[in-house]
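Participant: File follows, target.cif with mmCIF, C-alpha atoms:
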```
data_protein
loop_
_atom_site.label_atom_id
_atom_site.label_comp_id
_atom_site.auth_asym_id
_atom_site.auth_seq_id
_atom_site.Cartn_x
_atom_site.Cartn_y
_atom_site.Cartn_z
CA MET H 217 -17.53 2.50 56.20
CA SER H 218 -14.91 -0.04 56.90
CA SER H 219 -17.48 -2.75 57.92
CA ASN H 220 -19.49 -2.15 54.74
CA ARG H 221 -16.46 -2.88 52.66
CA ALA H 222 -15.82 -6.11 54.52
CA GLN H 223 -19.40 -7.31 53.89
CA VAL H 224 -19.12 -6.65 50.19
CA SER H 225 -15.86 -8.54 50.16
CA ILE H 226 -17.41 -11.65 51.79
CA GLU H 227 -20.37 -11.59 49.40
CA PHE H 228 -18.00 -11.28 46.52
CA ILE H 229 -15.85 -14.17 47.71
CA ILE H 230 -18.92 -16.40 48.17
CA LEU H 231 -20.16 -15.48 44.70
CA VAL H 232 -16.80 -16.10 43.08
CA GLY H 233 -16.44 -19.37 44.99
CA ALA H 234 -19.85 -20.57 43.84
CA LEU H 235 -19.08 -19.54 40.27
CA LEU H 236 -15.76 -21.36 40.38
CA VAL H 237 -17.42 -24.56 41.63
CA MET H 238 -20.00 -24.33 38.84
CA VAL H 239 -17.39 -23.61 36.17
CA ILE H 240 -15.18 -26.49 37.32
CA ALA H 241 -18.18 -28.83 37.33
CA VAL H 242 -19.16 -28.04 33.75
CA PHE H 243 -15.62 -27.47 32.43
CA PRO H 244 -15.22 -30.83 30.63
CA TYR H 245 -18.60 -30.34 28.97
CA ILE H 246 -17.61 -26.80 27.91
CA LEU H 247 -14.36 -28.09 26.44
CA LYS H 248 -16.12 -30.76 24.39
CA THR H 249 -18.85 -28.42 23.20
CA ASN H 250 -16.24 -25.81 22.33
CA GLU H 251 -14.40 -28.40 20.24
CA LEU H 252 -17.56 -29.26 18.31
CA ASN H 253 -18.43 -25.60 17.72
CA LYS H 254 -14.90 -24.80 16.62
CA ALA H 255 -14.86 -27.73 14.19
CA LEU H 256 -18.26 -26.85 12.72
CA SER H 257 -17.26 -23.21 12.31
CA ALA H 258 -13.99 -24.19 10.61
CA ALA H 259 -15.76 -26.69 8.34
CA ARG H 260 -18.21 -23.98 7.24
CA ASP H 261 -15.29 -21.65 6.47
CA GLY H 262 -13.44 -24.33 4.54
CA ALA H 263 -16.49 -25.38 2.54
CA THR H 264 -17.24 -21.74 1.70
CA PHE H 265 -13.65 -21.24 0.58
CA GLY H 266 -13.77 -24.36 -1.60
CA ALA H 267 -17.06 -23.29 -3.15
CA GLY H 268 -15.77 -19.77 -3.76
CA ILE H 269 -12.51 -20.77 -5.36
CA ARG H 270 -14.15 -23.36 -7.62
CA GLY H 271 -16.98 -20.95 -8.39
CA VAL H 272 -14.46 -18.39 -9.68
CA GLY H 273 -13.19 -21.09 -12.04
CA TYR H 274 -10.01 -22.39 -10.43
CA GLN H 275 -9.34 -25.93 -11.50
CA SER H 276 -8.45 -28.87 -9.31
CA GLY H 277 -6.04 -31.32 -10.88
CA SER H 278 -6.91 -31.85 -14.52
CA VAL H 279 -10.63 -31.15 -14.14
CA GLU H 280 -11.49 -27.68 -15.37
CA ALA H 281 -15.09 -27.11 -14.40
CA PRO H 282 -16.63 -23.91 -15.75
CA PRO H 283 -17.18 -21.05 -13.31
CA GLY H 284 -20.61 -20.70 -11.74
CA ARG H 285 -22.55 -19.75 -8.66
CA ILE H 286 -21.56 -22.55 -6.31
CA LYS H 287 -23.05 -22.08 -2.85
CA ILE H 288 -22.96 -23.89 0.46
CA LYS H 289 -26.56 -24.37 1.52
CA SER H 290 -25.81 -25.93 4.88
CA VAL H 291 -23.22 -27.80 6.91
CA ILE H 292 -24.80 -30.27 9.30
CA LEU H 293 -22.96 -32.19 12.00
CA GLU H 294 -24.04 -35.84 12.25
CA ARG H 295 -23.07 -38.11 15.13
CA LEU H 296 -21.94 -41.52 13.95
CA GLY H 297 -21.19 -43.15 17.32
CA ARG H 298 -17.90 -44.09 18.88
CA CYS H 299 -14.81 -45.10 16.96
CA GLY H 300 -12.10 -46.24 19.35
CA ASN H 301 -11.53 -43.69 22.08
CA LEU H 302 -13.11 -40.88 20.09
CA GLU H 303 -16.64 -39.92 19.16
CA CYS H 304 -17.12 -39.92 15.40
CA TYR H 305 -18.89 -37.06 13.69
CA ARG H 306 -19.51 -36.34 10.03
CA PHE H 307 -20.03 -32.97 8.34
CA ARG H 308 -22.80 -33.27 5.78
CA ILE H 309 -22.19 -30.39 3.39
CA VAL H 310 -25.07 -29.49 1.07
CA ILE H 311 -23.80 -27.76 -2.07
CA MET H 312 -25.96 -25.80 -4.50
CA MET H 313 -24.76 -25.41 -8.07
CA PRO H 314 -26.25 -24.50 -11.47
CA SER H 315 -27.94 -27.35 -13.35
CA TYR H 316 -25.48 -27.16 -16.26
CA TYR H 317 -22.92 -28.90 -14.07
CA SER H 318 -25.15 -31.98 -13.79
CA SER H 319 -24.42 -33.07 -17.37
CA ASN H 320 -20.77 -33.74 -16.50
CA SER H 321 -20.19 -35.99 -13.50
CA SER H 322 -16.46 -35.30 -13.44
CA TYR H 323 -17.18 -31.58 -12.84
CA VAL H 324 -19.57 -32.39 -10.01
CA ASN H 325 -17.29 -34.97 -8.40
CA SER H 326 -14.28 -32.65 -8.64
CA ILE H 327 -16.16 -29.76 -7.01
CA ARG H 328 -17.57 -32.02 -4.28
CA SER H 329 -14.10 -33.37 -3.61
CA THR H 330 -12.58 -29.86 -3.38
CA ILE H 331 -15.26 -28.63 -0.97
CA ARG H 332 -15.09 -31.72 1.25
CA ASN H 333 -11.30 -31.57 1.33
CA GLN H 334 -11.18 -27.83 2.06
CA ALA H 335 -13.66 -28.25 4.92
CA LEU H 336 -11.46 -30.90 6.55
CA ARG H 337 -8.25 -28.94 5.89
CA PHE H 338 -9.70 -25.91 7.68
CA VAL H 339 -10.81 -28.11 10.59
CA TYR H 340 -7.28 -29.50 10.78
CA TYR H 341 -5.87 -25.96 10.81
CA ALA H 342 -8.28 -24.87 13.56
CA PHE H 343 -6.95 -27.56 15.90
CA ASN H 344 -3.30 -27.78 14.84
CA GLY H 345 -2.40 -24.22 13.84
CA GLU H 346 -1.04 -25.44 10.50
CA TYR H 347 -2.46 -27.00 7.38
CA PRO H 348 -1.97 -30.75 6.83
CA ALA H 349 1.11 -31.87 4.92
CA SER H 350 -0.99 -34.06 2.66
CA SER H 351 -2.98 -32.19 0.03
CA VAL H 352 -5.98 -34.52 0.48
CA ILE H 353 -7.25 -35.61 3.88
CA TYR H 354 -10.19 -37.78 4.80
CA ARG H 355 -10.36 -37.51 8.59
CA VAL H 356 -9.36 -35.09 11.36
CA ASN H 357 -8.92 -36.28 14.93
CA THR H 358 -9.07 -33.95 17.93
CA ASN H 359 -8.89 -34.60 21.67
CA TYR H 360 -12.45 -35.89 21.90
CA TYR H 361 -13.72 -36.27 18.35
CA SER H 362 -12.96 -37.72 14.96
CA PHE H 363 -14.38 -35.83 11.99
CA ASN H 364 -14.93 -36.75 8.36
CA ALA H 365 -17.12 -35.14 5.71
CA THR H 366 -19.54 -35.96 2.94
CA THR H 367 -21.34 -33.81 0.39
CA ASP H 368 -24.80 -33.67 -1.14
CA VAL H 369 -25.57 -31.68 -4.28
CA GLU H 370 -28.68 -29.72 -5.17
CA TYR H 371 -29.07 -28.10 -8.59
CA TYR H 372 -30.91 -24.92 -9.37
CA MET W 246 -6.07 -1.01 50.50
CA ASP W 247 -8.69 -3.82 50.73
CA SER W 248 -10.50 -2.42 47.71
CA ARG W 249 -7.36 -2.51 45.65
CA ALA W 250 -6.81 -6.15 46.47
CA GLN W 251 -10.35 -7.03 45.36
CA VAL W 252 -9.94 -5.22 42.09
CA SER W 253 -6.72 -7.07 41.53
CA ILE W 254 -8.41 -10.48 41.90
CA GLU W 255 -11.25 -9.43 39.61
CA VAL W 256 -8.84 -8.22 36.98
CA ALA W 257 -6.85 -11.44 37.19
CA LEU W 258 -10.02 -13.53 36.78
CA VAL W 259 -11.36 -11.52 33.86
CA ALA W 260 -7.96 -11.39 32.16
CA GLY W 261 -7.54 -15.14 32.57
CA ILE W 262 -10.92 -15.89 31.03
CA ALA W 263 -10.31 -13.38 28.23
CA ILE W 264 -6.98 -15.02 27.40
CA LEU W 265 -8.60 -18.47 27.31
CA VAL W 266 -11.32 -17.24 24.94
CA ALA W 267 -8.84 -15.33 22.76
CA VAL W 268 -6.48 -18.31 22.44
CA SER W 269 -9.32 -20.59 21.40
CA LEU W 270 -10.43 -18.14 18.72
CA VAL W 271 -7.07 -17.03 17.32
CA ASN W 272 -6.73 -19.91 14.84
CA ILE W 273 -10.22 -19.43 13.50
CA ASN W 274 -9.62 -15.72 13.04
CA PHE W 275 -6.37 -16.26 11.15
CA GLU W 276 -8.14 -18.86 9.09
CA ARG W 277 -10.89 -16.41 8.16
CA LEU W 278 -8.36 -13.70 7.32
CA ASN W 279 -6.51 -16.08 5.02
CA LEU W 280 -9.77 -17.28 3.51
CA ALA W 281 -10.90 -13.76 2.68
CA ARG W 282 -7.52 -12.77 1.25
CA GLU W 283 -7.18 -15.96 -0.77
CA LEU W 284 -10.63 -15.58 -2.31
CA GLY W 285 -10.09 -11.89 -3.06
CA GLU W 286 -6.69 -12.42 -4.62
CA GLY W 287 -8.04 -15.42 -6.51
CA GLY W 288 -10.54 -13.03 -8.05
CA GLU W 289 -7.76 -10.57 -8.86
CA ALA W 290 -5.81 -13.28 -10.67
CA LYS W 291 -8.86 -14.08 -12.74
CA MET W 292 -9.23 -10.39 -13.54
CA VAL W 293 -5.68 -10.46 -14.94
CA ALA W 294 -6.60 -13.41 -17.16
CA THR W 295 -9.78 -11.60 -18.24
CA LEU W 296 -7.82 -8.40 -18.99
CA ILE W 297 -5.35 -10.24 -21.22
CA ALA W 298 -8.03 -12.33 -22.95
CA THR W 299 -10.20 -9.26 -23.58
CA SER W 300 -7.22 -7.34 -24.95
CA ILE W 301 -6.33 -10.20 -27.32
CA ASN W 302 -9.97 -10.41 -28.47
CA THR W 303 -10.12 -6.65 -29.05
CA VAL W 304 -6.92 -6.64 -31.09
CA HIS W 305 -8.09 -9.68 -33.07
CA ALA W 306 -11.49 -8.11 -33.77
CA ASN W 307 -10.12 -4.75 -34.92
CA GLY W 308 -8.04 -6.24 -37.71
CA ALA W 309 -4.59 -5.65 -39.16
CA GLY W 310 -2.61 -2.76 -37.75
CA PHE W 311 -4.54 -2.45 -34.51
CA GLU W 312 -2.49 -2.50 -31.31
CA LEU W 313 -2.89 -1.71 -27.65
CA THR W 314 -0.47 -1.55 -24.75
CA LEU W 315 -1.16 -2.79 -21.25
CA SER W 316 1.01 -0.38 -19.32
CA GLU W 317 2.61 -1.10 -15.96
CA SER W 318 -0.26 0.64 -14.20
CA LYS W 319 -2.61 -2.03 -15.60
CA LEU W 320 -0.34 -5.07 -15.57
CA ASN W 321 2.44 -4.78 -13.00
CA PHE W 322 4.20 -8.15 -12.87
CA THR W 323 6.19 -7.26 -9.74
CA GLU W 324 3.03 -6.58 -7.75
CA LEU W 325 1.15 -9.47 -9.30
CA THR W 326 3.79 -12.04 -8.34
CA ASP W 327 4.32 -10.85 -4.74
CA VAL W 328 2.82 -13.52 -2.47
CA ASP W 329 2.62 -11.38 0.69
CA GLN W 330 1.63 -7.96 -0.62
CA GLY W 331 0.43 -8.74 -4.13
CA THR W 332 -1.68 -11.31 -5.89
CA GLY W 333 0.67 -14.32 -5.79
CA ILE W 334 0.47 -15.03 -9.50
CA ILE W 335 2.99 -17.56 -10.76
CA LEU W 336 4.63 -16.56 -14.03
CA PRO W 337 4.61 -17.18 -16.90
CA ILE W 338 1.01 -16.53 -17.85
CA ILE W 339 0.07 -19.15 -20.43
CA ILE W 340 -1.72 -18.33 -23.69
CA ASP W 341 -2.92 -21.64 -25.12
CA ASN W 342 -3.85 -21.44 -28.82
CA THR W 343 -5.18 -25.01 -29.02
CA ARG W 344 -7.58 -24.59 -26.11
CA ARG W 345 -8.06 -20.87 -26.85
CA LYS W 346 -7.50 -19.92 -23.25
CA VAL W 347 -5.46 -17.52 -21.16
CA ILE W 348 -4.32 -19.45 -18.08
CA VAL W 349 -3.10 -17.81 -14.87
CA GLY W 350 -1.59 -19.82 -12.01
CA ARG W 351 -1.68 -18.73 -8.37
CA ASN W 352 0.37 -19.58 -5.33
CA MET W 353 -2.07 -20.75 -2.65
CA SER W 354 0.51 -21.42 0.06
CA ARG W 355 -1.33 -19.12 2.48
CA THR W 356 -4.01 -21.78 2.80
CA GLY W 357 -1.44 -24.55 2.92
CA HIS W 358 -1.53 -25.64 -0.71
CA LYS W 359 1.58 -26.77 -2.51
CA GLY W 360 2.00 -26.13 -6.21
CA GLN W 361 -0.29 -23.81 -8.09
CA TRP W 362 -3.99 -23.44 -8.81
CA ASN W 363 -4.93 -22.36 -12.31
CA VAL W 364 -7.78 -20.25 -13.56
CA SER W 365 -8.48 -19.70 -17.24
CA VAL W 366 -10.49 -17.35 -19.42
CA SER W 367 -11.50 -18.14 -23.01
CA MET W 368 -10.29 -16.07 -25.95
CA VAL W 369 -11.42 -15.98 -29.58
CA PRO W 370 -8.28 -16.23 -31.77
CA ASN W 371 -5.98 -19.23 -32.03
CA ASN W 372 -3.16 -17.45 -33.85
CA VAL W 373 -1.44 -15.72 -30.96
CA VAL W 374 2.37 -15.55 -30.95
CA ARG W 375 4.83 -14.00 -28.52
CA GLN W 376 7.79 -11.79 -29.32
CA ASP W 377 10.31 -10.02 -27.13
CA PRO W 378 9.40 -6.38 -26.45
CA THR W 379 11.15 -3.68 -28.46
CA ALA W 380 11.48 0.10 -28.19
CA ARG W 381 8.62 0.43 -30.68
CA TYR W 382 6.48 -2.22 -28.99
CA PRO W 383 7.11 -2.12 -25.23
CA GLU W 384 5.91 -4.71 -22.75
CA VAL W 385 3.00 -5.63 -22.85
CA THR W 386 1.85 -4.55 -26.32
CA ILE W 387 -0.63 -6.66 -28.26
CA ARG W 388 -0.68 -6.12 -32.01
CA ASN W 389 -2.52 -7.54 -34.98
CA ASN W 390 -0.16 -7.76 -37.98
CA GLY W 391 -2.80 -9.19 -40.27
CA THR W 392 -1.59 -12.76 -39.84
CA ASN W 393 -1.14 -13.19 -36.11
CA VAL W 394 -1.97 -11.50 -32.85
CA ILE W 395 1.46 -10.72 -31.43
CA VAL W 396 2.03 -10.33 -27.69
CA TYR W 397 5.21 -8.41 -26.93
CA ALA W 398 6.38 -9.69 -23.57
CA ASP W 399 9.37 -11.41 -22.02
CA SER W 400 9.22 -15.20 -22.21
CA SER W 401 9.54 -15.42 -18.44
CA LYS W 402 6.27 -13.50 -18.09
CA VAL W 403 4.12 -14.73 -20.96
CA ARG W 404 4.36 -18.09 -22.71
CA VAL W 405 2.38 -18.95 -25.80
CA VAL W 406 1.52 -22.58 -26.39
CA PRO W 407 0.78 -23.47 -30.04
#
```
Go through the file and emit its structure as structure tokens.
Facilitator:
Amino acid sequence: MSSNRAQVSIEFIILVGALLVMVIAVFPYILKTNELNKALSAARDGATFGAGIRGVGYQSGSVEAPPGRIKIKSVILERLGRCGNLECYRFRIVIMMPSYYSSNSSYVNSIRSTIRNQALRFVYYAFNGEYPASSVIYRVNTNYYSFNATTDVEYY
Amino acid sequence: MDSRAQVSIEVALVAGIAILVAVSLVNINFERLNLARELGEGGEAKMVATLIATSINTVHANGAGFELTLSESKLNFTELTDVDQGTGIILPIIIDNTRRKVIVGRNMSRTGHKGQWNVSVSMVPNNVVRQDPTARYPEVTIRNNGTNVIVYADSSKVRVVP
């Protein structure tokens, strides 16, 4: 009985040791991938929030766009190459909105601006635990990456 | 005794990994909580604007002598203005005769915004005036006197713009 327990213990230690070696080997990769996933998830949340709040009819600045069904069709992460010590990525946010917005470019630009800004604000929060002091931000830097965002609009 | 030691190492490993995962997700979870609350309460604020605009339209449409009262159960300013437990509405609610709109502002500090975000709902009349509430017309009564639609409410809660 006692020898059985010892064998299990050695197997367990070997298994844990092998797992530890594997985890340590891929740890930097996991950290970087985790950062990308976290940023993409936060950007989706932020874009959805921006679309929701503008869809209800909240105005941004002086532009009072009418309420409507504003949707986020997709948020795609595009690699732009290196910028300094960081890898640059861009969120391409595809927004769907009713065609009646298309007649007024200030409505469209204001909604695009809100959604892009909210996406980056949420990314900033995800990595810093607080929202940025500035109400408008254009770039978020993390340990490995630098993120900005752009928007495309589709009408329905 | 050996078995207990093994369990202890396993527990330490699992707990360590669980803490790492939890810490990495905690910001995103708080973010999503705030997002959901902010959107929901944003909708509530718009419902308040819709309630007031609809009431003004109803009083306007029913002609002279018609009145209705939005009691505290329907329009509770204390709850509406509470940022943590309520809707975070910033008073006063604006009734703009020129633009024919009821405008409600919200505090969005939970998602890091300074200042207020406004949402508006259109109304039909452009002859709305405000008066202080009385014993006969308590807050918030809306009455059509044949000339104007009168909103009886304190000036700190409702402001009418000509």
Participant: I need the chain H residues near chain W as JSON, numbers by chain; criterion: at most 6 Å, counting all atoms listed in the file.
Facilitator: {"H": [273, 274, 275, 342, 347]}
Participant: If you take every atom of stretch 271-287 of chain H that the file lists and fit an axis-aligned box around them with 3 Å extra on each side, what centre and edge lengths come out in Å to one decimal, as AutoDock Vina command-line options?
Facilitator:
```
--center_x -14.5 --center_y -25.1 --center_z -9.3 --size_x 23.0 --size_y 19.5 --size_z 18.9
```
Participant: Which residues are near W:Asn393? Cut-off 8 Å, only C-alpha atoms, ignore same chain within fewer than 2 positions. Put them as a list in words.
Facilitator: Asn372, Val373, Val374, Asn389, Asn390, Gly391 and Ile395 of chain W
Participant: If the PyMOL selection byres ((chain H and resi 249-256) around 9) is run on the structure shown, which residues does it catch, given as a PyMOL selection string?
Facilitator: (chain H and resi 244-248+257-261+291-293+307+336+338-340+342-343+358-361+363) or (chain W and resi 269-270+273)
Participant: Taking all atoms listed in the file into account, which of H:Val356, H:Ile331, H:Tyr372, H:Phe228 comes nearest H:Leu302?
Facilitator: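 Nearest candidate to H:Leu302 out of H:Val356, H:Ile331, H:Tyr372, H:Phe228: H:Val356.
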Participant: If you count only C-alpha atoms, which residues fall within 10 Å of H:Ser329, apart from same-chain ones fewer than 6 positions away, as a list in words?
Facilitator: Gly266, Ser276, Tyr323, Ala335, Val352, Ala365, Thr366 and Thr367 of chain H
Participant: Would you mind listing what lies within 7 Å of stretch 312-321 of chain W as a ChimeraX atom specification, with only C-alpha atoms counted and same-chain residues fewer than 5 positions away left out?
Facilitator: /W:304,385-389
Participant: Restricting the output to C-alpha atoms, write the selected residues as a compact mmCIF listing (two decimals), in the frame of the given file.
Facilitator:
```txt
# COMPACT_ATOMS: atom_id res chain seq x y z
CA VAL W 304 -6.92 -6.64 -31.09
CA VAL W 385 3.00 -5.63 -22.85
CA THR W 386 1.85 -4.55 -26.32
CA ILE W 387 -0.63 -6.66 -28.26
CA ARG W 388 -0.68 -6.12 -32.01
CA ASN W 389 -2.52 -7.54 -34.98
```
Participant: Compile the contact shell of W:Ala298 as a PyMOL selection string: residues with an atom at most 8 Å away, counting all atoms listed in the file, same-chain residues fewer than 6 positions apart removed.
Facilitator: chain W and resi 346-347+366-368
Participant: What does the distance between atom CA of W:Pro370 and atom CA of W:Asp399 come to in Å, to one decimal place?
Facilitator: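 These atoms are spaced 20.7 Å apart.
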Participant: Atom CA of W:Val256 to atom CA of H:Ala234: how many Å, to one decimal?
Facilitator: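 Here the two named atoms are 17.9 Å from each other.
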Participant: So how many Å separate atom CA of W:Leu278 and atom CA of H:Asn333, to one decimal?
Facilitator: 19.1 Å
Participant: With all atoms listed in the file as the basis for distance, which of H:Asn301, H:Asn344, H:Ser350, H:Ser290 is at the shortest distance from H:Val369?
Facilitator: H:Ser290
Participant: Looking at W:Ile301, W:Val405, W:Val394, W:Ala290, which one is nearest to W:Asn352, with distances taken over only C-alpha atoms?
Facilitator: W:Ala290
Participant: Hey, what's within 7 Å of W:Gln376 if we count only C-alpha atoms and toss same-chain stuff fewer than 3 positions away? As a VMD selection string, please?
Facilitator: chain W and resid 395 to 398
Participant: Could you tell me which of W:Ser400, W:Asn342, W:Thr323, W:Thr332 comes closest to W:Glu289 if we count only C-alpha atoms?
Facilitator: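 Ranking W:Ser400, W:Asn342, W:Thr323, W:Thr332 by distance to W:Glu289, first place goes to W:Thr332.
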Participant: Compare H:Asn364, H:Ile230, H:Ser326, H:Ile311 by their minimum atom-to-atom distance to H:Glu280, counting all atoms listed in the file, and give me the closest one.
Facilitator: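 Answer, going by the shortest atom-to-atom distance: H:Ser326.
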Participant: Got a sec to resolve the PyMOL selection byres ((chain H and resi 282-287) around 9) on this structure and send the residues as a ChimeraX atom specification?
Facilitator: /H:264,267-268,270-275,280-281,288-289,310-314,317,323
Participant: Would you mind putting back N, CA and C atoms on stretch 259-283 of chain H, then writing it out as a PDB file, keeping the file's coordinate frame?
Facilitator:
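To be explicit, this is the file written out as selection.pdb:
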```pdb
ATOM      1  N   ALA H 259     -15.277 -25.939   9.516  1.00  0.00           N
ATOM      2  CA  ALA H 259     -15.760 -26.690   8.340  1.00  0.00           C
ATOM      3  C   ALA H 259     -16.585 -25.788   7.432  1.00  0.00           C
ATOM      4  N   ARG H 260     -17.412 -24.938   8.042  1.00  0.00           N
ATOM      5  CA  ARG H 260     -18.210 -23.980   7.240  1.00  0.00           C
ATOM      6  C   ARG H 260     -17.283 -23.060   6.447  1.00  0.00           C
ATOM      7  N   ASP H 261     -16.245 -22.547   7.139  1.00  0.00           N
ATOM      8  CA  ASP H 261     -15.290 -21.650   6.470  1.00  0.00           C
ATOM      9  C   ASP H 261     -14.618 -22.364   5.302  1.00  0.00           C
ATOM     10  N   GLY H 262     -14.157 -23.581   5.569  1.00  0.00           N
ATOM     11  CA  GLY H 262     -13.440 -24.330   4.540  1.00  0.00           C
ATOM     12  C   GLY H 262     -14.327 -24.649   3.349  1.00  0.00           C
ATOM     13  N   ALA H 263     -15.559 -25.060   3.628  1.00  0.00           N
ATOM     14  CA  ALA H 263     -16.490 -25.380   2.540  1.00  0.00           C
ATOM     15  C   ALA H 263     -16.789 -24.128   1.718  1.00  0.00           C
ATOM     16  N   THR H 264     -16.963 -23.007   2.400  1.00  0.00           N
ATOM     17  CA  THR H 264     -17.240 -21.740   1.700  1.00  0.00           C
ATOM     18  C   THR H 264     -16.055 -21.349   0.820  1.00  0.00           C
ATOM     19  N   PHE H 265     -14.855 -21.541   1.351  1.00  0.00           N
ATOM     20  CA  PHE H 265     -13.650 -21.240   0.580  1.00  0.00           C
ATOM     21  C   PHE H 265     -13.580 -22.128  -0.670  1.00  0.00           C
ATOM     22  N   GLY H 266     -13.799 -23.429  -0.470  1.00  0.00           N
ATOM     23  CA  GLY H 266     -13.770 -24.360  -1.600  1.00  0.00           C
ATOM     24  C   GLY H 266     -14.791 -23.993  -2.657  1.00  0.00           C
ATOM     25  N   ALA H 267     -16.009 -23.667  -2.208  1.00  0.00           N
ATOM     26  CA  ALA H 267     -17.060 -23.290  -3.150  1.00  0.00           C
ATOM     27  C   ALA H 267     -16.689 -22.006  -3.887  1.00  0.00           C
ATOM     28  N   GLY H 268     -16.132 -21.050  -3.152  1.00  0.00           N
ATOM     29  CA  GLY H 268     -15.770 -19.770  -3.760  1.00  0.00           C
ATOM     30  C   GLY H 268     -14.688 -19.922  -4.814  1.00  0.00           C
ATOM     31  N   ILE H 269     -13.660 -20.671  -4.459  1.00  0.00           N
ATOM     32  CA  ILE H 269     -12.510 -20.770  -5.360  1.00  0.00           C
ATOM     33  C   ILE H 269     -12.856 -21.593  -6.603  1.00  0.00           C
ATOM     34  N   ARG H 270     -13.720 -22.612  -6.441  1.00  0.00           N
ATOM     35  CA  ARG H 270     -14.150 -23.360  -7.620  1.00  0.00           C
ATOM     36  C   ARG H 270     -15.190 -22.556  -8.409  1.00  0.00           C
ATOM     37  N   GLY H 271     -15.983 -21.766  -7.708  1.00  0.00           N
ATOM     38  CA  GLY H 271     -16.980 -20.950  -8.390  1.00  0.00           C
ATOM     39  C   GLY H 271     -16.332 -19.907  -9.286  1.00  0.00           C
ATOM     40  N   VAL H 272     -15.181 -19.368  -8.855  1.00  0.00           N
ATOM     41  CA  VAL H 272     -14.460 -18.390  -9.680  1.00  0.00           C
ATOM     42  C   VAL H 272     -13.925 -19.071 -10.944  1.00  0.00           C
ATOM     43  N   GLY H 273     -13.654 -20.360 -10.862  1.00  0.00           N
ATOM     44  CA  GLY H 273     -13.190 -21.090 -12.040  1.00  0.00           C
ATOM     45  C   GLY H 273     -11.846 -21.758 -11.863  1.00  0.00           C
ATOM     46  N   TYR H 274     -11.293 -21.722 -10.651  1.00  0.00           N
ATOM     47  CA  TYR H 274     -10.010 -22.390 -10.430  1.00  0.00           C
ATOM     48  C   TYR H 274     -10.197 -23.887 -10.602  1.00  0.00           C
ATOM     49  N   GLN H 275      -9.212 -24.501 -11.228  1.00  0.00           N
ATOM     50  CA  GLN H 275      -9.340 -25.930 -11.500  1.00  0.00           C
ATOM     51  C   GLN H 275      -8.601 -26.741 -10.446  1.00  0.00           C
ATOM     52  N   SER H 276      -9.095 -27.952 -10.250  1.00  0.00           N
ATOM     53  CA  SER H 276      -8.450 -28.870  -9.310  1.00  0.00           C
ATOM     54  C   SER H 276      -7.938 -30.034 -10.127  1.00  0.00           C
ATOM     55  N   GLY H 277      -6.631 -30.263 -10.078  1.00  0.00           N
ATOM     56  CA  GLY H 277      -6.040 -31.320 -10.880  1.00  0.00           C
ATOM     57  C   GLY H 277      -6.275 -31.028 -12.350  1.00  0.00           C
ATOM     58  N   SER H 278      -6.726 -32.043 -13.078  1.00  0.00           N
ATOM     59  CA  SER H 278      -6.910 -31.850 -14.520  1.00  0.00           C
ATOM     60  C   SER H 278      -8.343 -31.456 -14.863  1.00  0.00           C
ATOM     61  N   VAL H 279      -9.214 -31.447 -13.857  1.00  0.00           N
ATOM     62  CA  VAL H 279     -10.630 -31.150 -14.140  1.00  0.00           C
ATOM     63  C   VAL H 279     -10.859 -29.644 -14.118  1.00  0.00           C
ATOM     64  N   GLU H 280     -11.292 -29.126 -15.261  1.00  0.00           N
ATOM     65  CA  GLU H 280     -11.490 -27.680 -15.370  1.00  0.00           C
ATOM     66  C   GLU H 280     -12.974 -27.390 -15.511  1.00  0.00           C
ATOM     67  N   ALA H 281     -13.651 -27.379 -14.375  1.00  0.00           N
ATOM     68  CA  ALA H 281     -15.090 -27.110 -14.400  1.00  0.00           C
ATOM     69  C   ALA H 281     -15.315 -25.634 -14.707  1.00  0.00           C
ATOM     70  N   PRO H 282     -16.378 -25.321 -15.439  1.00  0.00           N
ATOM     71  CA  PRO H 282     -16.630 -23.910 -15.750  1.00  0.00           C
ATOM     72  C   PRO H 282     -17.016 -23.139 -14.488  1.00  0.00           C
ATOM     73  N   PRO H 283     -16.788 -21.820 -14.484  1.00  0.00           N
ATOM     74  CA  PRO H 283     -17.180 -21.050 -13.310  1.00  0.00           C
ATOM     75  C   PRO H 283     -18.698 -21.003 -13.169  1.00  0.00           C
TER      76      PRO H 283
END
```
